[in-house]
Amino acid sequence: MKICCLPFGIFFIVLLSVRVCTAQLVPTETRILFQVQQLLEYPPVLQKWSNWTSFCYLPQTPSLAIICSDNHITELTIVGNKTFSSEIPRLSPGKFAVSQQTLSENFSLDSFFTVLTKLSNLKKLSLVSLGLWGPLPAKINRFRTIEVLNISSNFIFGTLPPSIATFKNLRSLFLKNNLLNGSVPGLKGLQVLEELDLSNNLLGPEFPSLGNNLIRVSFGNNSLRSEIPSELKKLNRLQVLDVSSNKLVGPIPSFLFSLPSIQFINLSKNQLSGALSGNVSCNGNLTFVDISNNLLIGKLPSCLASNSRNRTVSIAWNCLSNSTSKYQRSYKFCHKEALAVEPPARNQMEKSTLKLGLVLGIIGGIVAILGLIGFLILAIFRRAHRNGTDYKSDSFVIEKNVGGGSPLVNGRYVPRPMRLSSMGLPPYHVFTLEEMEDATNNFDTSNLVGEGSEGQLYKGWLRDGSVVLVKCLKLKQRHSPQVLQQHMEVISKLRHRHLVSVLGHCITTYHDHPNTASTVFIVLENVTNGSLRDYLTDWRKREVLKWPQRMGIAMGVARGIQYLHTGGVLGNDLKIEMILLDESLTAKISSYNISLPSKVGIESPLHGQDDSNQLTSTGNSEKDDIYRLGVILTEIITGKPVNSQSELDDLKFQVS
């Protein structure tokens, strides 16, 4: 028997040795990975790499994935924790580094890509939130086999090199959330490109030429100033078009709404003008259209006039004559704005009458904002006292909880545009516990953002690469998961431009009591640009807040509070550090008080009430909100924090 077993044992050892050999990368690519680890300055996700690491068999996570084929790397995904910011100071010529945000001044993007392009079999490369900075090198086209390229949420600046248009196999290109500027080179040469996301950059002014194979196109929040090109009619596969938050001019081409595959169109926050053709037809699969905040006149085409066939249409802040929305401007306004001459470039304005303009700007800003304070507070106070039924079509309504708990929002009165991703946010999603663990790397302490009596707040990365915040709330008392599910469904419908949105949730139960909820995980929009307090106290950021920006922020906070008061959401923990700013300096209130049911023992899904505030309380939650709004506006004017009533009195004396 021993003699018979010997050949089998030898055969098994040979098989095992072959298995071990196939598990190893070629030595060259192993060295490349260690170079990447060093060049990225040993981020947390790569710190555990050692000479004993079997790279091809590392478990895949949202933060790290290495796929191999025939001993070569074909896919490499690395997601870091360097938060993107649209405002970052240039420290010295040729350097563009900030501690905790970017890689150090020793980093070279050119050298980094020189190393990476040696991975000759690479098909997918995703480098997200790693603090990469510098201009994109022309040698990027050395990725001969690349199919998916994602360098989002970094600090890549400068213009896109023409070589970006020479990829033969590129199907997806994601460069969103960077600092790229200038014109986009013609991309018609990218014949197989299906997905293109260049949103949240500074690209412009011309609309780039595009390949005809595209399915998803996003240029939102850039500096496009041209007309929408007629060449888009050739994009027969196009399903999603987002060019919101630019300065596009001219009419909206009628063919957009009837493209063969179109499903989603966002043209909001531009300067599009003129009347839509009366014979516009809409594709039957078109489910979302946002043309709000433009200069459109005339009548709305019939296929856009009603939210039929599950189609959501947002048309506010235009000058349309047959709109049922009360949020329309006068015809004169749109006509005047459409004819207005564009202001001169910023550098030209700075050269002319700088000193006089600065003095007049400061004086005018102070006077305007002082007047704004009284006007906003009065407007909010009056609107909050109106009958709630006046707002059913444009807001939400609070109903009293019969069981004695906190008031709940009635989701029946939430408008459809708010229910969907009308603000560039993903649809609401109910997550699994596994998804929460993947997003936070099993709730690793390195992702812990904050901790309090209510629970912990983690930074997380969803599987699509987007960054979110995950709040873990331990329930103090037993409660039915069905009741919590209904409550979270109501919260999911509360979306406003000036509120931090809840993107999803996960409810877990006890193993021995499956009908009793134990923990609620709330997934929040990650507003990455810091708080308003940061911009008023940090000398590097303070320079960004000129008087027009301060007035815009003040208006945003006031509108957010007005929205909450309209629905009866009162007693909000309004503080300047709870006012967050996104990349476009849009103010978002992060502390509105939508309470969970009373048995849960939690005041708010976003932030708990803080009794440490030493400012005077009126005992009336509505008046307290208005009073705290006045405090915030005072801080915006003076640029000084208010921590006590005596400090507020001093500041009021300074501005009086």
# chains A, B, ... in the order shown; residues from 1 in each chain; ligands from 1
>>> residues_around(residues="segment 231-245 of chain A", least_positions_apart="3", cutoff="9 Å", atoms="only C-alpha atoms", output="PyMOL selection string")
chain A and resi 194+199+209-224+228+248+255-256+259-270+286+290-291+424
>>> write_last_selection(atoms="C-alpha atoms", output="PDB file, in the first residue's frame")
ATOM      1  CA  GLU A 194     -19.875  54.411 -23.309  1.00  0.00           C
ATOM      2  CA  SER A 199     -18.577  66.630 -13.563  1.00  0.00           C
ATOM      3  CA  SER A 209     -17.280  66.888 -29.495  1.00  0.00           C
ATOM      4  CA  LEU A 210     -18.295  63.385 -28.463  1.00  0.00           C
ATOM      5  CA  GLY A 211     -18.250  59.876 -29.851  1.00  0.00           C
ATOM      6  CA  ASN A 212     -21.523  58.393 -31.040  1.00  0.00           C
ATOM      7  CA  ASN A 213     -21.379  55.308 -28.802  1.00  0.00           C
ATOM      8  CA  LEU A 214     -21.943  57.115 -25.499  1.00  0.00           C
ATOM      9  CA  ILE A 215     -24.642  55.921 -23.095  1.00  0.00           C
ATOM     10  CA  ARG A 216     -24.024  58.187 -20.079  1.00  0.00           C
ATOM     11  CA  VAL A 217     -22.620  61.743 -20.237  1.00  0.00           C
ATOM     12  CA  SER A 218     -22.120  64.039 -17.241  1.00  0.00           C
ATOM     13  CA  PHE A 219     -20.608  67.529 -17.463  1.00  0.00           C
ATOM     14  CA  GLY A 220     -22.463  68.913 -14.437  1.00  0.00           C
ATOM     15  CA  ASN A 221     -20.956  71.800 -12.446  1.00  0.00           C
ATOM     16  CA  ASN A 222     -18.346  73.004 -14.918  1.00  0.00           C
ATOM     17  CA  SER A 223     -17.813  76.232 -16.892  1.00  0.00           C
ATOM     18  CA  LEU A 224     -19.460  75.424 -20.227  1.00  0.00           C
ATOM     19  CA  ILE A 228     -25.946  72.669 -26.783  1.00  0.00           C
ATOM     20  CA  LEU A 248     -24.992  77.080 -21.318  1.00  0.00           C
ATOM     21  CA  PHE A 255     -34.479  66.531 -30.446  1.00  0.00           C
ATOM     22  CA  LEU A 256     -33.027  65.935 -26.968  1.00  0.00           C
ATOM     23  CA  LEU A 259     -33.483  60.616 -28.662  1.00  0.00           C
ATOM     24  CA  PRO A 260     -34.014  56.870 -29.217  1.00  0.00           C
ATOM     25  CA  SER A 261     -32.626  55.723 -25.853  1.00  0.00           C
ATOM     26  CA  ILE A 262     -32.867  58.815 -23.625  1.00  0.00           C
ATOM     27  CA  GLN A 263     -34.124  58.308 -20.057  1.00  0.00           C
ATOM     28  CA  PHE A 264     -32.641  61.124 -17.923  1.00  0.00           C
ATOM     29  CA  ILE A 265     -32.009  64.791 -18.840  1.00  0.00           C
ATOM     30  CA  ASN A 266     -30.711  67.429 -16.416  1.00  0.00           C
ATOM     31  CA  LEU A 267     -30.252  70.911 -17.915  1.00  0.00           C
ATOM     32  CA  SER A 268     -30.904  72.858 -14.706  1.00  0.00           C
ATOM     33  CA  LYS A 269     -28.992  75.925 -13.502  1.00  0.00           C
ATOM     34  CA  ASN A 270     -27.869  77.236 -16.869  1.00  0.00           C
ATOM     35  CA  LEU A 286     -37.876  59.353 -20.622  1.00  0.00           C
ATOM     36  CA  ASP A 290     -34.969  68.955 -15.057  1.00  0.00           C
ATOM     37  CA  ILE A 291     -34.954  72.283 -16.918  1.00  0.00           C
ATOM     38  CA  GLY A 424     -27.879  65.048  -8.495  1.00  0.00           C
TER      39      GLY A 424
END
>>> residues_around(residues="Gly455 of chain A", least_positions_apart="5", cutoff="10 Å", atoms="only C-alpha atoms", output="ChimeraX atom specification")
/A:450,471-475,519-521,602
>>> closest_residue(among="A:Ser302, A:Ser584, A:Asn141, A:Ser591", to="Leu564 of chain A", atoms="only C-alpha atoms")
A:Ser591
>>> select_by_dssp(residues="segment 59-236 of chain A", states="alpha helix (DSSP H)", output="number ranges by chain")
A: 109-116
>>> write_last_selection(atoms="N, CA and C atoms", output="mmCIF file, in the first residue's frame")
data_model
loop_
_atom_site.group_PDB
_atom_site.id
_atom_site.type_symbol
_atom_site.label_atom_id
_atom_site.label_comp_id
_atom_site.auth_asym_id
_atom_site.auth_seq_id
_atom_site.Cartn_x
_atom_site.Cartn_y
_atom_site.Cartn_z
ATOM 1 N N LEU A 109 2.879 63.274 -10.185
ATOM 2 C CA LEU A 109 1.887 62.503 -10.929
ATOM 3 C C LEU A 109 2.501 61.894 -12.185
ATOM 4 N N ASP A 110 3.443 62.591 -12.778
ATOM 5 C CA ASP A 110 4.113 62.077 -13.970
ATOM 6 C C ASP A 110 4.875 60.795 -13.646
ATOM 7 N N SER A 111 5.637 60.813 -12.558
ATOM 8 C CA SER A 111 6.389 59.617 -12.154
ATOM 9 C C SER A 111 5.450 58.481 -11.778
ATOM 10 N N PHE A 112 4.345 58.835 -11.137
ATOM 11 C CA PHE A 112 3.381 57.825 -10.711
ATOM 12 C C PHE A 112 2.820 57.073 -11.916
ATOM 13 N N PHE A 113 2.429 57.803 -12.957
ATOM 14 C CA PHE A 113 1.885 57.140 -14.137
ATOM 15 C C PHE A 113 2.969 56.437 -14.948
ATOM 16 N N THR A 114 4.189 56.913 -14.855
ATOM 17 C CA THR A 114 5.288 56.202 -15.507
ATOM 18 C C THR A 114 5.398 54.786 -14.961
ATOM 19 N N VAL A 115 5.227 54.647 -13.657
ATOM 20 C CA VAL A 115 5.273 53.326 -13.021
ATOM 21 C C VAL A 115 4.052 52.498 -13.412
ATOM 22 N N LEU A 116 2.866 53.092 -13.321
ATOM 23 C CA LEU A 116 1.637 52.337 -13.567
ATOM 24 C C LEU A 116 1.521 51.844 -15.004
#
>>> closest_residue(among="A:Asn526, A:Gln191, A:Asn246, A:Ser183", to="Val502 of chain A", atoms="only C-alpha atoms")
A:Asn526
>>> closest_residue(among="A:Lys623, A:His565, A:Ser531, A:Asp197", to="Leu580 of chain A", atoms="only C-alpha atoms")
A:Ser531
>>> residues_around(residues="Lys176 of chain A", least_positions_apart="4", cutoff="7 Å", atoms="only C-alpha atoms", output="MDAnalysis selection string")
chainID A and resid 152:153 197:201
>>> write_last_selection(atoms="N, CA and C atoms", output="PDB file, in the first residue's frame")
ATOM      1  N   SER A 152     -11.306  59.778 -10.141  1.00  0.00           N
ATOM      2  CA  SER A 152     -12.214  60.754  -9.554  1.00  0.00           C
ATOM      3  C   SER A 152     -11.787  61.163  -8.148  1.00  0.00           C
ATOM      4  N   SER A 153     -12.320  62.325  -7.727  1.00  0.00           N
ATOM      5  CA  SER A 153     -12.162  62.819  -6.351  1.00  0.00           C
ATOM      6  C   SER A 153     -10.706  62.935  -5.941  1.00  0.00           C
ATOM      7  N   ASP A 197     -17.793  60.839 -17.398  1.00  0.00           N
ATOM      8  CA  ASP A 197     -18.173  61.688 -16.265  1.00  0.00           C
ATOM      9  C   ASP A 197     -17.036  62.654 -15.965  1.00  0.00           C
ATOM     10  N   LEU A 198     -17.217  63.907 -16.359  1.00  0.00           N
ATOM     11  CA  LEU A 198     -16.246  64.968 -16.087  1.00  0.00           C
ATOM     12  C   LEU A 198     -16.857  66.029 -15.170  1.00  0.00           C
ATOM     13  N   SER A 199     -17.856  65.666 -14.394  1.00  0.00           N
ATOM     14  CA  SER A 199     -18.577  66.630 -13.563  1.00  0.00           C
ATOM     15  C   SER A 199     -17.704  67.168 -12.439  1.00  0.00           C
ATOM     16  N   ASN A 200     -18.115  68.334 -11.931  1.00  0.00           N
ATOM     17  CA  ASN A 200     -17.435  68.984 -10.807  1.00  0.00           C
ATOM     18  C   ASN A 200     -15.972  69.279 -11.113  1.00  0.00           C
ATOM     19  N   ASN A 201     -15.745  69.956 -12.223  1.00  0.00           N
ATOM     20  CA  ASN A 201     -14.434  70.468 -12.579  1.00  0.00           C
ATOM     21  C   ASN A 201     -14.603  71.937 -12.981  1.00  0.00           C
TER      22      ASN A 201
END
>>> closest_residue(among="A:Val313, A:Val45, A:Cys56, A:Leu296", to="Asp444 of chain A", atoms="only C-alpha atoms")
A:Val45
>>> residues_around(residues="Lys588 of chain A", least_positions_apart="3", cutoff="6 Å", atoms="only C-alpha atoms", output="JSON, numbers by chain")
{"A": [498, 499, 500, 579, 580]}
>>> write_last_selection(atoms="N, CA and C atoms", output="compact mmCIF listing (two decimals), in the first residue's frame")
# COMPACT_ATOMS: atom_id res chain seq x y z
N HIS A 498 -30.84 72.78 0.28
CA HIS A 498 -30.11 73.34 1.41
C HIS A 498 -30.23 72.48 2.66
N LEU A 499 -30.49 71.19 2.50
CA LEU A 499 -30.45 70.22 3.59
C LEU A 499 -29.51 69.08 3.23
N VAL A 500 -28.78 68.57 4.20
CA VAL A 500 -27.99 67.36 3.99
C VAL A 500 -28.97 66.19 3.85
N ILE A 579 -23.71 74.16 9.58
CA ILE A 579 -23.98 74.58 8.21
C ILE A 579 -22.80 74.15 7.36
N LEU A 580 -23.00 73.16 6.50
CA LEU A 580 -21.93 72.63 5.67
C LEU A 580 -21.98 73.26 4.28
>>> atom_distance(atom1="atom CA of Gly134 of chain A", atom2="atom CA of Ser50 of chain A")
28.6 Å
>>> select_by_dssp(residues="segment 191-276 of chain A", states="strand (DSSP E)", output="VMD selection string")
chain A and resid 195 to 197 202 to 203 216 to 218 240 to 242 249 to 250 264 to 266 271 to 275
>>> write_last_selection(atoms="C-alpha atoms", output="CSV table (one decimal), in the first residue's frame")
chain,number,residue,atom,x,y,z
A,195,GLU,CA,-19.6,56.3,-20.0
A,196,LEU,CA,-18.1,59.8,-19.6
A,197,ASP,CA,-18.2,61.7,-16.3
A,202,LEU,CA,-13.7,73.8,-14.2
A,203,LEU,CA,-13.9,72.7,-17.8
A,216,ARG,CA,-24.0,58.2,-20.1
A,217,VAL,CA,-22.6,61.7,-20.2
A,218,SER,CA,-22.1,64.0,-17.2
A,240,VAL,CA,-28.3,59.9,-19.4
A,241,LEU,CA,-27.3,63.5,-20.1
A,242,ASP,CA,-26.4,65.8,-17.2
A,249,VAL,CA,-26.9,79.5,-23.5
A,250,GLY,CA,-29.3,79.5,-26.4
A,264,PHE,CA,-32.6,61.1,-17.9
A,265,ILE,CA,-32.0,64.8,-18.8
A,266,ASN,CA,-30.7,67.4,-16.4
A,271,GLN,CA,-28.8,80.3,-19.0
A,272,LEU,CA,-30.8,78.4,-21.6
A,273,SER,CA,-33.3,80.7,-23.2
A,274,GLY,CA,-36.1,80.9,-25.8
A,275,ALA,CA,-39.3,78.9,-26.2
